[in-house]
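Chemist: Here you go, this is upload13.txt (compact mmCIF, C-alpha atoms).
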```txt
# COMPACT_ATOMS: atom_id res chain seq x y z
CA MET A 1 -10.89 3.07 -19.27
CA PRO A 2 -9.58 4.98 -16.22
CA LEU A 3 -5.97 6.15 -16.23
CA ILE A 4 -4.18 4.17 -13.56
CA ARG A 5 -0.53 5.09 -13.94
CA ALA A 6 1.32 7.78 -15.87
CA THR A 7 4.94 8.83 -16.27
CA VAL A 8 5.36 12.57 -16.52
CA GLU A 9 8.29 14.93 -16.87
CA GLY A 10 8.28 18.68 -16.81
CA ASP A 11 10.20 21.82 -17.41
CA VAL A 12 9.47 25.35 -16.24
CA GLU A 13 6.38 25.81 -18.40
CA THR A 14 5.01 22.43 -19.41
CA ILE A 15 4.35 18.99 -17.99
CA TYR A 16 4.89 16.22 -20.55
CA LEU A 17 3.07 12.89 -20.42
CA LEU A 18 5.73 10.35 -21.42
CA ASN A 19 3.82 7.14 -20.92
CA SER A 20 0.61 5.78 -19.46
CA SER A 21 -0.85 2.40 -18.66
CA ALA A 22 -2.81 1.00 -21.59
CA GLN A 23 -4.55 -1.82 -19.79
CA GLN A 24 -6.01 -1.83 -16.36
CA SER A 25 -4.66 -4.97 -14.76
CA ALA A 26 -7.06 -7.09 -12.79
CA ARG A 27 -6.76 -6.27 -9.09
CA VAL A 28 -5.89 -9.21 -6.90
CA ASP A 29 -8.30 -9.06 -4.00
CA THR A 30 -6.52 -10.19 -0.88
CA PHE A 31 -8.92 -8.60 1.59
CA LEU A 32 -11.24 -10.53 3.86
CA ASP A 33 -14.89 -10.58 2.80
CA SER A 34 -16.36 -10.61 6.27
CA ILE A 35 -15.49 -10.38 9.95
CA GLN A 36 -17.26 -11.53 13.13
CA LEU A 37 -18.30 -8.80 15.55
CA GLU A 38 -19.80 -10.15 18.75
CA GLY A 39 -21.53 -13.05 17.03
CA LEU A 40 -22.69 -11.02 14.04
CA GLN A 41 -21.30 -11.58 10.56
CA THR A 42 -20.28 -8.16 9.21
CA ILE A 43 -18.52 -6.89 6.10
CA ALA A 44 -14.74 -6.51 6.39
CA PRO A 45 -13.49 -2.91 6.39
CA ALA A 46 -12.48 -1.58 2.95
CA ILE A 47 -9.72 0.50 4.55
CA THR A 48 -7.91 -1.21 7.38
CA TRP A 49 -5.93 1.53 9.13
CA VAL A 50 -9.10 3.06 10.63
CA THR A 51 -9.95 -0.25 12.30
CA GLU A 52 -6.49 -1.09 13.66
CA ASN A 53 -7.79 -0.74 17.21
CA LEU A 54 -11.31 -2.09 16.84
CA ARG A 55 -13.28 -2.73 20.03
CA THR A 56 -16.96 -3.37 20.69
CA SER A 57 -19.36 -3.64 23.59
CA PRO A 58 -20.40 -7.21 24.61
CA SER A 59 -23.36 -6.94 22.21
CA ILE A 60 -23.87 -4.68 19.19
CA GLN A 61 -27.45 -5.70 18.34
CA HIS A 62 -28.86 -2.67 20.18
CA LEU A 63 -26.51 -0.43 18.17
CA VAL A 64 -27.65 -1.99 14.89
CA ASN A 65 -31.30 -1.42 15.87
CA ASP A 66 -30.61 2.22 16.79
CA ILE A 67 -28.80 2.88 13.51
CA ALA A 68 -31.77 1.42 11.63
CA ASN A 69 -34.15 3.63 13.66
CA GLY A 70 -32.03 6.74 13.15
CA THR A 71 -31.27 7.25 16.85
CA ALA A 72 -27.64 6.12 16.92
CA VAL A 73 -24.78 8.58 17.34
CA ALA A 74 -21.37 8.62 15.63
CA VAL A 75 -18.55 10.77 17.01
CA CYS A 76 -14.91 11.10 16.01
CA ASP A 77 -11.84 13.05 16.97
CA GLY A 78 -8.31 13.47 15.74
CA SER A 79 -5.04 14.20 17.49
CA TYR A 80 -2.06 15.82 15.80
CA PHE A 81 1.43 16.08 17.29
CA GLU A 82 3.41 18.38 15.02
CA ILE A 83 6.73 18.02 16.87
CA HIS A 84 6.59 14.22 16.70
CA GLY A 85 5.30 14.20 13.11
CA ASN A 86 2.38 11.91 13.73
CA GLY A 87 -1.37 12.08 14.05
CA SER A 88 -4.17 9.70 14.89
CA SER A 89 -7.91 9.37 14.58
CA ALA A 90 -10.52 7.69 16.76
CA TRP A 91 -14.22 7.12 16.13
CA ILE A 92 -17.21 5.54 17.80
CA LEU A 93 -20.67 4.38 16.74
CA SER A 94 -22.93 4.30 19.77
CA SER A 95 -26.52 3.44 20.55
CA ALA A 96 -28.59 6.32 21.93
CA ASP A 97 -28.13 5.15 25.53
CA GLY A 98 -24.42 4.38 25.14
CA SER A 99 -24.77 0.72 26.13
CA SER A 100 -23.88 -0.72 22.72
CA TRP A 101 -20.98 0.57 20.67
CA ILE A 102 -18.16 -0.03 18.22
CA GLU A 103 -15.01 2.07 18.38
CA GLY A 104 -11.82 2.12 16.39
CA GLY A 105 -8.89 4.24 15.41
CA GLY A 106 -5.42 4.29 14.00
CA ILE A 107 -2.42 6.29 12.94
CA VAL A 108 -3.20 8.58 10.02
CA PRO A 109 -1.16 7.46 6.98
CA GLY A 110 0.40 9.63 4.30
CA PRO A 111 3.29 12.04 3.78
CA ILE A 112 4.32 13.95 6.94
CA LEU A 113 4.18 17.26 5.06
CA ASP A 114 0.45 16.73 4.44
CA LEU A 115 -0.29 15.87 8.06
CA ASN A 116 -2.34 18.35 10.12
CA SER A 117 -5.22 18.39 12.58
CA TYR A 118 -7.76 18.73 9.74
CA ARG A 119 -6.45 15.54 8.10
CA CYS A 120 -6.67 13.72 11.46
CA GLU A 121 -10.33 14.78 11.84
CA LEU A 122 -11.04 13.60 8.29
CA GLY A 123 -9.45 10.28 9.24
CA GLY A 124 -11.98 9.97 12.07
CA LEU A 125 -14.87 10.77 9.73
CA LEU A 126 -13.53 8.13 7.33
CA GLY A 127 -13.53 5.68 10.26
CA ILE A 128 -17.22 6.39 10.92
CA GLY A 129 -18.04 5.74 7.25
CA ILE A 130 -16.02 2.52 7.16
CA GLY A 131 -17.46 1.35 10.50
CA THR A 132 -21.02 1.89 9.28
CA ALA A 133 -20.23 0.15 5.99
CA CYS A 134 -19.15 -2.92 7.98
CA LEU A 135 -22.72 -3.18 9.32
CA LYS A 136 -24.32 -2.67 5.90
CA ASN A 137 -25.63 -6.24 5.61
CA LEU A 138 -27.40 -5.88 8.99
CA LEU A 139 -29.12 -2.59 8.21
CA PRO A 140 -32.37 -2.01 6.30
CA ALA A 141 -32.19 -1.36 2.54
CA ARG A 142 -33.93 1.98 2.84
CA ARG A 143 -32.48 5.43 3.31
CA HIS A 144 -31.86 6.27 6.97
CA PHE A 145 -29.70 8.81 8.77
CA MET A 146 -27.21 8.75 11.61
CA LEU A 147 -26.12 11.77 13.65
CA THR A 148 -22.42 12.26 12.87
CA ALA A 149 -20.48 14.63 15.10
CA CYS A 150 -17.00 16.07 15.01
CA ASP A 151 -15.45 19.24 16.47
CA ASN A 152 -13.89 20.46 13.20
CA LEU A 153 -16.62 22.16 11.17
CA LYS A 154 -14.51 22.47 8.03
CA ALA A 155 -13.93 18.72 7.97
CA LEU A 156 -17.49 17.90 9.03
CA TRP A 157 -19.16 19.66 6.11
CA LYS A 158 -16.98 17.78 3.63
CA ILE A 159 -18.89 14.55 4.31
CA THR A 160 -22.06 15.82 2.67
CA VAL A 161 -20.54 17.70 -0.27
CA ALA A 162 -21.61 16.49 -3.73
CA ARG A 163 -18.98 14.18 -5.22
CA THR A 164 -19.00 16.18 -8.45
CA LYS A 165 -17.96 19.30 -6.49
CA VAL A 166 -14.79 17.74 -5.07
CA LYS A 167 -11.68 19.59 -6.22
CA THR A 168 -8.29 17.94 -6.41
CA SER A 169 -6.80 21.18 -5.10
CA TRP A 170 -8.41 20.54 -1.70
CA LYS A 171 -6.26 19.51 1.22
CA SER A 172 -6.37 15.75 1.95
CA VAL A 173 -8.59 15.19 -1.08
CA ASN A 174 -7.74 11.47 -0.97
CA PHE A 175 -9.54 11.10 2.38
CA ILE A 176 -12.48 13.25 1.24
CA SER A 177 -13.00 11.14 -1.88
CA GLN A 178 -12.82 7.96 0.20
CA ILE A 179 -15.38 9.31 2.70
CA LEU A 180 -17.82 10.28 -0.07
CA ASP A 181 -17.34 6.95 -1.85
CA VAL A 182 -17.94 4.87 1.26
CA TRP A 183 -21.16 6.75 2.12
CA SER A 184 -22.39 6.58 -1.49
CA GLN A 185 -22.30 2.78 -1.34
CA GLN A 186 -24.73 2.43 1.58
CA HIS A 187 -28.30 3.31 2.55
CA CYS A 188 -27.25 4.87 5.86
CA GLN A 189 -26.35 8.53 5.41
CA PRO A 190 -24.54 10.92 7.79
CA SER A 191 -26.40 13.77 9.43
CA PRO A 192 -23.61 16.19 10.43
CA GLN A 193 -23.57 18.01 13.75
CA THR A 194 -20.79 19.79 15.58
CA SER A 195 -19.70 18.19 18.86
CA ARG A 196 -18.53 21.50 20.38
CA MET B 1 -21.52 25.51 32.71
CA GLY B 2 -23.68 22.40 32.85
CA PRO B 3 -22.69 18.75 32.50
CA LEU B 4 -21.43 17.42 29.18
CA THR B 5 -23.99 16.28 26.65
CA PHE B 6 -23.87 12.69 25.40
CA VAL B 7 -22.14 13.75 22.17
CA GLU B 8 -19.58 15.83 24.08
CA HIS B 9 -18.95 12.90 26.40
CA LEU B 10 -18.22 10.65 23.41
CA ASN B 11 -16.00 13.35 21.90
CA VAL B 12 -13.90 13.48 25.09
CA ARG B 13 -13.64 9.68 25.02
CA MET B 14 -12.46 9.74 21.38
CA ASP B 15 -10.00 12.56 22.11
CA LYS B 16 -8.45 10.41 24.83
CA LEU B 17 -8.29 7.34 22.57
CA ALA B 18 -6.76 9.30 19.68
CA LYS B 19 -4.09 10.82 21.95
CA THR B 20 -3.27 7.39 23.41
CA LEU B 21 -2.82 5.90 19.93
CA ALA B 22 -0.63 8.80 18.80
CA ILE B 23 1.57 8.68 21.91
CA GLN B 24 2.05 4.92 21.52
CA ASN B 25 3.40 5.56 18.02
CA PHE B 26 5.82 8.41 18.72
CA GLY B 27 9.01 7.89 16.73
CA ILE B 28 7.33 5.67 14.14
CA PRO B 29 6.84 7.46 10.80
CA PRO B 30 3.31 7.24 9.34
CA SER B 31 2.81 4.52 6.74
CA ILE B 32 2.29 5.44 3.10
CA PRO B 33 -1.00 4.00 1.78
CA PRO B 34 -1.17 2.28 -1.61
CA ALA B 35 -1.70 4.68 -4.51
CA VAL B 36 -4.85 2.92 -5.74
CA LEU B 37 -7.46 1.78 -3.23
CA HIS B 38 -10.88 0.19 -3.66
CA ILE B 39 -12.56 3.48 -2.88
CA GLY B 40 -11.68 7.10 -3.45
CA LEU B 41 -9.46 8.82 -6.00
CA GLY B 42 -6.27 7.16 -7.19
CA GLN B 43 -3.18 9.05 -6.07
CA PRO B 44 -0.18 9.85 -8.27
CA ILE B 45 3.35 9.03 -7.14
CA ILE B 46 6.00 11.51 -8.26
CA GLN B 47 9.65 10.63 -7.82
CA GLY B 48 8.70 8.16 -5.12
CA SER B 49 6.45 10.54 -3.18
CA LEU B 50 2.72 10.00 -2.85
CA VAL B 51 0.54 12.99 -3.75
CA ALA B 52 -2.33 12.86 -1.26
CA SER B 53 -3.28 16.49 -0.76
CA THR B 54 -3.64 19.69 -2.84
CA CYS B 55 -2.80 17.68 -5.96
CA GLN B 56 -1.85 20.42 -8.44
CA LYS B 57 0.43 22.19 -5.97
CA SER B 58 2.03 18.95 -4.75
CA MET B 59 2.56 17.65 -8.30
CA SER B 60 4.10 20.92 -9.39
CA TYR B 61 6.37 20.87 -6.32
CA GLY B 62 7.35 17.23 -6.95
CA ILE B 63 8.25 17.89 -10.58
CA HIS B 64 9.82 21.33 -10.42
CA HIS B 65 11.32 21.81 -6.96
CA HIS B 66 14.48 19.73 -7.37
CA ALA B 67 15.07 21.12 -10.86
CA MET B 68 14.75 24.67 -9.54
CA VAL B 69 17.19 24.07 -6.68
CA GLU B 70 19.70 22.63 -9.15
CA TYR B 71 19.22 25.64 -11.42
CA VAL B 72 19.89 28.10 -8.61
CA VAL B 73 22.97 26.13 -7.52
CA ASN B 74 24.36 26.37 -11.05
CA LYS B 75 23.39 30.01 -11.39
CA TRP B 76 25.11 30.99 -8.17
CA GLU B 77 28.06 28.74 -9.00
CA LEU B 78 27.76 26.69 -5.86
CA ASP B 79 29.28 23.27 -5.35
CA VAL B 80 26.66 20.83 -6.64
CA ASN B 81 27.74 17.95 -4.42
CA THR B 82 27.61 19.83 -1.15
CA ASP B 83 25.40 22.84 -1.69
CA VAL B 84 22.25 21.35 -3.21
CA ASN B 85 21.14 20.17 0.19
CA THR B 86 22.48 23.04 2.25
CA LEU B 87 20.91 25.57 -0.14
CA GLN B 88 17.54 24.58 1.19
CA ASP B 89 18.67 25.50 4.69
CA VAL B 90 20.49 28.69 3.71
CA VAL B 91 17.76 30.23 1.58
CA SER B 92 14.53 31.12 3.35
CA TRP B 93 12.18 29.58 0.79
CA PRO B 94 9.04 30.13 2.93
CA SER B 95 9.84 33.89 3.02
CA ILE B 96 10.30 33.99 -0.75
CA ALA B 97 7.08 32.05 -1.29
CA LYS B 98 5.19 34.40 1.04
CA ALA B 99 6.64 37.46 -0.68
CA ARG B 100 5.63 36.16 -4.12
CA LYS B 101 2.14 35.32 -2.91
CA ARG B 102 1.51 38.78 -1.46
CA ALA B 103 3.03 40.70 -4.35
CA SER B 104 1.16 41.99 -7.39
CA PHE B 105 1.56 40.02 -10.61
CA PRO B 106 4.33 42.24 -12.09
CA PHE B 107 6.22 42.03 -8.79
CA GLN B 108 5.85 38.23 -8.72
CA LYS B 109 7.81 38.09 -11.97
CA PHE B 110 10.29 40.59 -10.55
CA ILE B 111 10.94 38.43 -7.46
CA SER B 112 11.42 35.27 -9.56
CA LYS B 113 13.86 37.05 -11.86
CA TRP B 114 15.69 38.64 -8.96
CA ILE B 115 16.18 35.27 -7.24
CA SER B 116 17.43 33.64 -10.42
CA GLU B 117 19.68 36.64 -11.18
CA ASP B 118 18.01 36.95 -14.53
CA MET B 119 17.17 40.61 -14.14
CA ALA B 120 17.52 42.95 -17.08
CA ILE B 121 19.77 45.86 -16.03
CA GLY B 122 21.67 48.71 -17.65
CA ILE B 123 21.38 48.82 -21.43
CA LEU B 124 19.21 45.70 -21.47
CA MET B 125 16.36 47.51 -19.76
```
Written as structure tokens, how would this file's structure read?
Modeler:
Amino acid sequence: MPLIRATVEGDVETIYLLNSSAQQSARVDTFLDSIQLEGLQTIAPAITWVTENLRTSPSIQHLVNDIANGTAVAVCDGSYFEIHGNGSSAWILSSADGSSWIEGGGIVPGPILDLNSYRCELGGLLGIGIGTACLKNLLPARRHFMLTACDNLKALWKITVARTKVKTSWKSVNFISQILDVWSQQHCQPSPQTSR
Amino acid sequence: MGPLTFVEHLNVRMDKLAKTLAIQNFGIPPSIPPAVLHIGLGQPIIQGSLVASTCQKSMSYGIHHHAMVEYVVNKWELDVNTDVNTLQDVVSWPSIAKARKRASFPFQKFISKWISEDMAIGILM
């Protein structure tokens, strides 16, 4: 049984566990199951902030074919404004010729103190994973790869790290765990490349 | 320098989109995501603050920071009602943190004791 909630208190030397949830309550699923993208029935995004500004080309069939053939390209970027205390991410899945695409983006959520350019880039990489997961039911059930590019190498290499190697001491570990989880649930796998 | 590659072209396009989204949301604080999502690690909430990054450090900060500020206020006999908040502005905590980090282990203890005025002096030494 996973630990869902705990109440802790601490002094200078020790952290005391005062209480913890005994039963995992059933999660009420209020998310949509599927969405329509240019006439194609696709899976609804598991995380919605990355698809707040979702746009597509008039047809995405060519993109789906290219992802299946391993010739599609995924690129993301983040933007961090320290003075204004906000950051955003944008991502795109594109066919090899650029004629068919899906793009999205949103404001990176979380505490302002944790916000930085690295977290914004990770947000973009999460968007790529979520966007590809939306097309899961249209893609072949065999392992295939998609070129995934980003201009932050430190963030880029996190998408292929083994899940067992993830450390909770890492910065923005919540995004990293979400990225690894979303890729682990699909046959399409990222093939990282720097976009510099 | 030659023309941009296809990937670089897409990167420029995404940079522009990300900047546009950020600029449209200036002045709006980022939302706080739910602690438990369908995917990824669950995130603890300590005293109302979500721990989303560097978990051990953030949890330790969330639990101990306020208690430590209160301790120093009492130690230095400051006015609790007014000085708890201003203490954070008056004391250069980043400098103290940097000094502790760069010091050797014995000196780390020295700095902590010096700040808390808990230093053994005179006949106590």
Chemist: Would you list the residues near (-6.9, 0.7, 7.4) (no more than 10 Å away, in the coordinates of the file, using all atoms listed in the file) as a ChimeraX atom specification?
Modeler: /A:45-53,105-109,126-127,130 /B:33
Chemist: If we count all atoms listed in the file and set the cut-off at 8 Å, which residues sit around Glu121 in chain A, ignoring sequence neighbours fewer than 2 positions away in its own chain? Please answer as a tab-separated table (two decimals) with C-alpha atoms, in the frame of the given file.
Modeler:
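The file below, part-v5.tsv, is the result:
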```tsv
chain	number	residue	atom	x	y	z
A	76	CYS	CA	-14.91	11.10	16.01
A	77	ASP	CA	-11.84	13.05	16.97
A	78	GLY	CA	-8.31	13.47	15.74
A	79	SER	CA	-5.04	14.20	17.49
A	89	SER	CA	-7.91	9.37	14.58
A	117	SER	CA	-5.22	18.39	12.58
A	118	TYR	CA	-7.76	18.73	9.74
A	119	ARG	CA	-6.45	15.54	8.10
A	123	GLY	CA	-9.45	10.28	9.24
A	124	GLY	CA	-11.98	9.97	12.07
A	125	LEU	CA	-14.87	10.77	9.73
A	150	CYS	CA	-17.00	16.07	15.01
A	152	ASN	CA	-13.89	20.46	13.20
A	155	ALA	CA	-13.93	18.72	7.97
```
Chemist: Restrict the calculation to all atoms listed in the file, then for each residue of chain B with any atom at most 9 Å from an atom of chain A give the closest atom pair and their distance in Å to one decimal, rows by chain and rising residue number, as JSON lines.
Modeler:
```
{"residue": "B:Phe6", "atom": "CA", "partner": "A:Gly98", "partner_atom": "CA", "distance": 8.3}
{"residue": "B:Val7", "atom": "CA", "partner": "A:Ser195", "partner_atom": "CA", "distance": 6.1}
{"residue": "B:Glu8", "atom": "CA", "partner": "A:Ser195", "partner_atom": "CA", "distance": 5.7}
{"residue": "B:Leu10", "atom": "CA", "partner": "A:Val75", "partner_atom": "CA", "distance": 6.4}
{"residue": "B:Asn11", "atom": "CA", "partner": "A:Val75", "partner_atom": "CA", "distance": 6.1}
{"residue": "B:Val12", "atom": "CA", "partner": "A:Asp77", "partner_atom": "CA", "distance": 8.4}
{"residue": "B:Arg13", "atom": "CA", "partner": "A:Asp77", "partner_atom": "CA", "distance": 8.9}
{"residue": "B:Met14", "atom": "CA", "partner": "A:Ala90", "partner_atom": "CA", "distance": 5.4}
{"residue": "B:Asp15", "atom": "CA", "partner": "A:Asp77", "partner_atom": "CA", "distance": 5.5}
{"residue": "B:Lys16", "atom": "CA", "partner": "A:Ala90", "partner_atom": "CA", "distance": 8.8}
{"residue": "B:Leu17", "atom": "CA", "partner": "A:Ala90", "partner_atom": "CA", "distance": 6.2}
{"residue": "B:Ala18", "atom": "CA", "partner": "A:Ala90", "partner_atom": "CA", "distance": 5.0}
{"residue": "B:Lys19", "atom": "CA", "partner": "A:Ser79", "partner_atom": "CA", "distance": 5.7}
{"residue": "B:Thr20", "atom": "CA", "partner": "A:Ser88", "partner_atom": "CA", "distance": 8.9}
{"residue": "B:Leu21", "atom": "CA", "partner": "A:Ser88", "partner_atom": "CA", "distance": 6.5}
{"residue": "B:Ala22", "atom": "CA", "partner": "A:Ser88", "partner_atom": "CA", "distance": 5.4}
{"residue": "B:Ile23", "atom": "CA", "partner": "A:Phe81", "partner_atom": "CA", "distance": 8.7}
{"residue": "B:Asn25", "atom": "CA", "partner": "A:Asn86", "partner_atom": "CA", "distance": 7.7}
{"residue": "B:Phe26", "atom": "CA", "partner": "A:His84", "partner_atom": "CA", "distance": 6.2}
{"residue": "B:Gly27", "atom": "CA", "partner": "A:His84", "partner_atom": "CA", "distance": 6.8}
{"residue": "B:Ile28", "atom": "CA", "partner": "A:Asn86", "partner_atom": "CA", "distance": 8.0}
{"residue": "B:Pro29", "atom": "CA", "partner": "A:Asn86", "partner_atom": "CA", "distance": 6.9}
{"residue": "B:Pro30", "atom": "CA", "partner": "A:Pro109", "partner_atom": "CA", "distance": 5.1}
{"residue": "B:Ser31", "atom": "CA", "partner": "A:Pro109", "partner_atom": "CA", "distance": 4.9}
{"residue": "B:Ile32", "atom": "CA", "partner": "A:Gly110", "partner_atom": "CA", "distance": 4.8}
{"residue": "B:Pro33", "atom": "CA", "partner": "A:Pro109", "partner_atom": "CA", "distance": 6.2}
{"residue": "B:Val36", "atom": "CA", "partner": "A:Ile4", "partner_atom": "CA", "distance": 7.9}
{"residue": "B:Leu37", "atom": "CA", "partner": "A:Ile47", "partner_atom": "CA", "distance": 8.2}
{"residue": "B:His38", "atom": "CA", "partner": "A:Ala46", "partner_atom": "CA", "distance": 7.0}
{"residue": "B:Ile39", "atom": "CA", "partner": "A:Gln178", "partner_atom": "CA", "distance": 5.4}
{"residue": "B:Gly40", "atom": "CA", "partner": "A:Gln178", "partner_atom": "CA", "distance": 3.9}
{"residue": "B:Leu41", "atom": "CA", "partner": "A:Ser177", "partner_atom": "CA", "distance": 5.9}
{"residue": "B:Gly42", "atom": "CA", "partner": "A:Ile4", "partner_atom": "CA", "distance": 7.3}
{"residue": "B:Gln43", "atom": "CA", "partner": "A:Asn174", "partner_atom": "CA", "distance": 7.3}
{"residue": "B:Pro44", "atom": "CA", "partner": "A:Arg5", "partner_atom": "CA", "distance": 7.4}
{"residue": "B:Ile45", "atom": "CA", "partner": "A:Arg5", "partner_atom": "CA", "distance": 8.8}
{"residue": "B:Ile46", "atom": "CA", "partner": "A:Val8", "partner_atom": "CA", "distance": 8.4}
{"residue": "B:Ser49", "atom": "CA", "partner": "A:Pro111", "partner_atom": "CA", "distance": 7.8}
{"residue": "B:Leu50", "atom": "CA", "partner": "A:Pro111", "partner_atom": "CA", "distance": 7.0}
{"residue": "B:Val51", "atom": "CA", "partner": "A:Pro111", "partner_atom": "CA", "distance": 8.1}
{"residue": "B:Ala52", "atom": "CA", "partner": "A:Asn174", "partner_atom": "CA", "distance": 5.6}
{"residue": "B:Ser53", "atom": "CA", "partner": "A:Ser172", "partner_atom": "CA", "distance": 4.2}
{"residue": "B:Thr54", "atom": "CA", "partner": "A:Ser169", "partner_atom": "CA", "distance": 4.2}
{"residue": "B:Cys55", "atom": "CA", "partner": "A:Ser169", "partner_atom": "CA", "distance": 5.4}
{"residue": "B:Gln56", "atom": "CA", "partner": "A:Ser169", "partner_atom": "CA", "distance": 6.0}
{"residue": "B:Lys57", "atom": "CA", "partner": "A:Ser169", "partner_atom": "CA", "distance": 7.4}
{"residue": "B:Ser60", "atom": "CA", "partner": "A:Gly10", "partner_atom": "CA", "distance": 8.8}
{"residue": "B:Ile63", "atom": "CA", "partner": "A:Gly10", "partner_atom": "CA", "distance": 6.3}
{"residue": "B:His64", "atom": "CA", "partner": "A:Asp11", "partner_atom": "CA", "distance": 7.0}
{"residue": "B:Ala67", "atom": "CA", "partner": "A:Asp11", "partner_atom": "CA", "distance": 8.2}
{"residue": "B:Met68", "atom": "CA", "partner": "A:Val12", "partner_atom": "CA", "distance": 8.6}
```
Chemist: In Å, how far is it from CA of Phe107 in chain B to CA of Thr14 in chain A?
Modeler: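 Going from CA of Phe107 in chain B over to CA of Thr14 in chain A, I get 22.3 Å.
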Chemist: Can you pull out every residue within 10 Å of range 143-145 of chain A, counting all atoms listed in the file, but drop anything in the same chain fewer than 3 positions away, and send it as a list in words?
Modeler: Ile67, Ala68, Asn69, Gly70, Thr71, Ala72, Val73, Leu139, Pro140, Thr148, Gln186, His187, Cys188, Gln189, Pro190, Ser191 and Pro192 of chain A
Chemist: How many Å separate CA of Gln61 in chain A from CA of Thr42 in chain A?
Modeler: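 Separating CA of Gln61 in chain A from CA of Thr42 in chain A is a distance of 11.9 Å.
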Chemist: Could you check how far CA of Ala97 in chain B sits from CA of Ser58 in chain B, in Å to one decimal?
Modeler: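 Between these atoms lies a distance of 14.5 Å.
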Chemist: Between B:Met59, B:Trp114, B:Ser95, B:Gln108, which residue has the minimum interatomic distance to Lys75 in chain B, considering only C-alpha atoms?
Modeler: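 The answer is B:Trp114, which sits nearest to Lys75 in chain B.
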Chemist: If I put a ball of radius 9 Å at (-23.4, -2.6, 8.4) in the file's coordinates, which residues poke into it when counting all atoms listed in the file, written as number ranges by chain?
Modeler: A: 42-43, 64, 131-139, 186, 188
Chemist: With C-alpha atoms retained, export the selected residues as a PDB file, keeping the file's coordinate frame.
Modeler:
```pdb
ATOM      1  CA  THR A  42     -20.280  -8.160   9.210  1.00  0.00           C
ATOM      2  CA  ILE A  43     -18.520  -6.890   6.100  1.00  0.00           C
ATOM      3  CA  VAL A  64     -27.650  -1.990  14.890  1.00  0.00           C
ATOM      4  CA  GLY A 131     -17.460   1.350  10.500  1.00  0.00           C
ATOM      5  CA  THR A 132     -21.020   1.890   9.280  1.00  0.00           C
ATOM      6  CA  ALA A 133     -20.230   0.150   5.990  1.00  0.00           C
ATOM      7  CA  CYS A 134     -19.150  -2.920   7.980  1.00  0.00           C
ATOM      8  CA  LEU A 135     -22.720  -3.180   9.320  1.00  0.00           C
ATOM      9  CA  LYS A 136     -24.320  -2.670   5.900  1.00  0.00           C
ATOM     10  CA  ASN A 137     -25.630  -6.240   5.610  1.00  0.00           C
ATOM     11  CA  LEU A 138     -27.400  -5.880   8.990  1.00  0.00           C
ATOM     12  CA  LEU A 139     -29.120  -2.590   8.210  1.00  0.00           C
ATOM     13  CA  GLN A 186     -24.730   2.430   1.580  1.00  0.00           C
ATOM     14  CA  CYS A 188     -27.250   4.870   5.860  1.00  0.00           C
TER      15      CYS A 188
END
```
Chemist: Out of A:Leu156, A:Ile102, A:Ala44, A:Ile35, which residue has the shortest atom-to-atom distance to Ser59 in chain A when counting all atoms listed in the file?
Modeler: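 Comparing A:Leu156, A:Ile102, A:Ala44, A:Ile35 against Ser59 in chain A, the winner is A:Ile102.
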Chemist: Between A:Asp33, A:Ala162, A:Gly39, A:Ser95, which has the minimum distance to His62 in chain A (counting only C-alpha atoms)?
Modeler: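 For His62 in chain A, the nearest of the candidates is A:Ser95.
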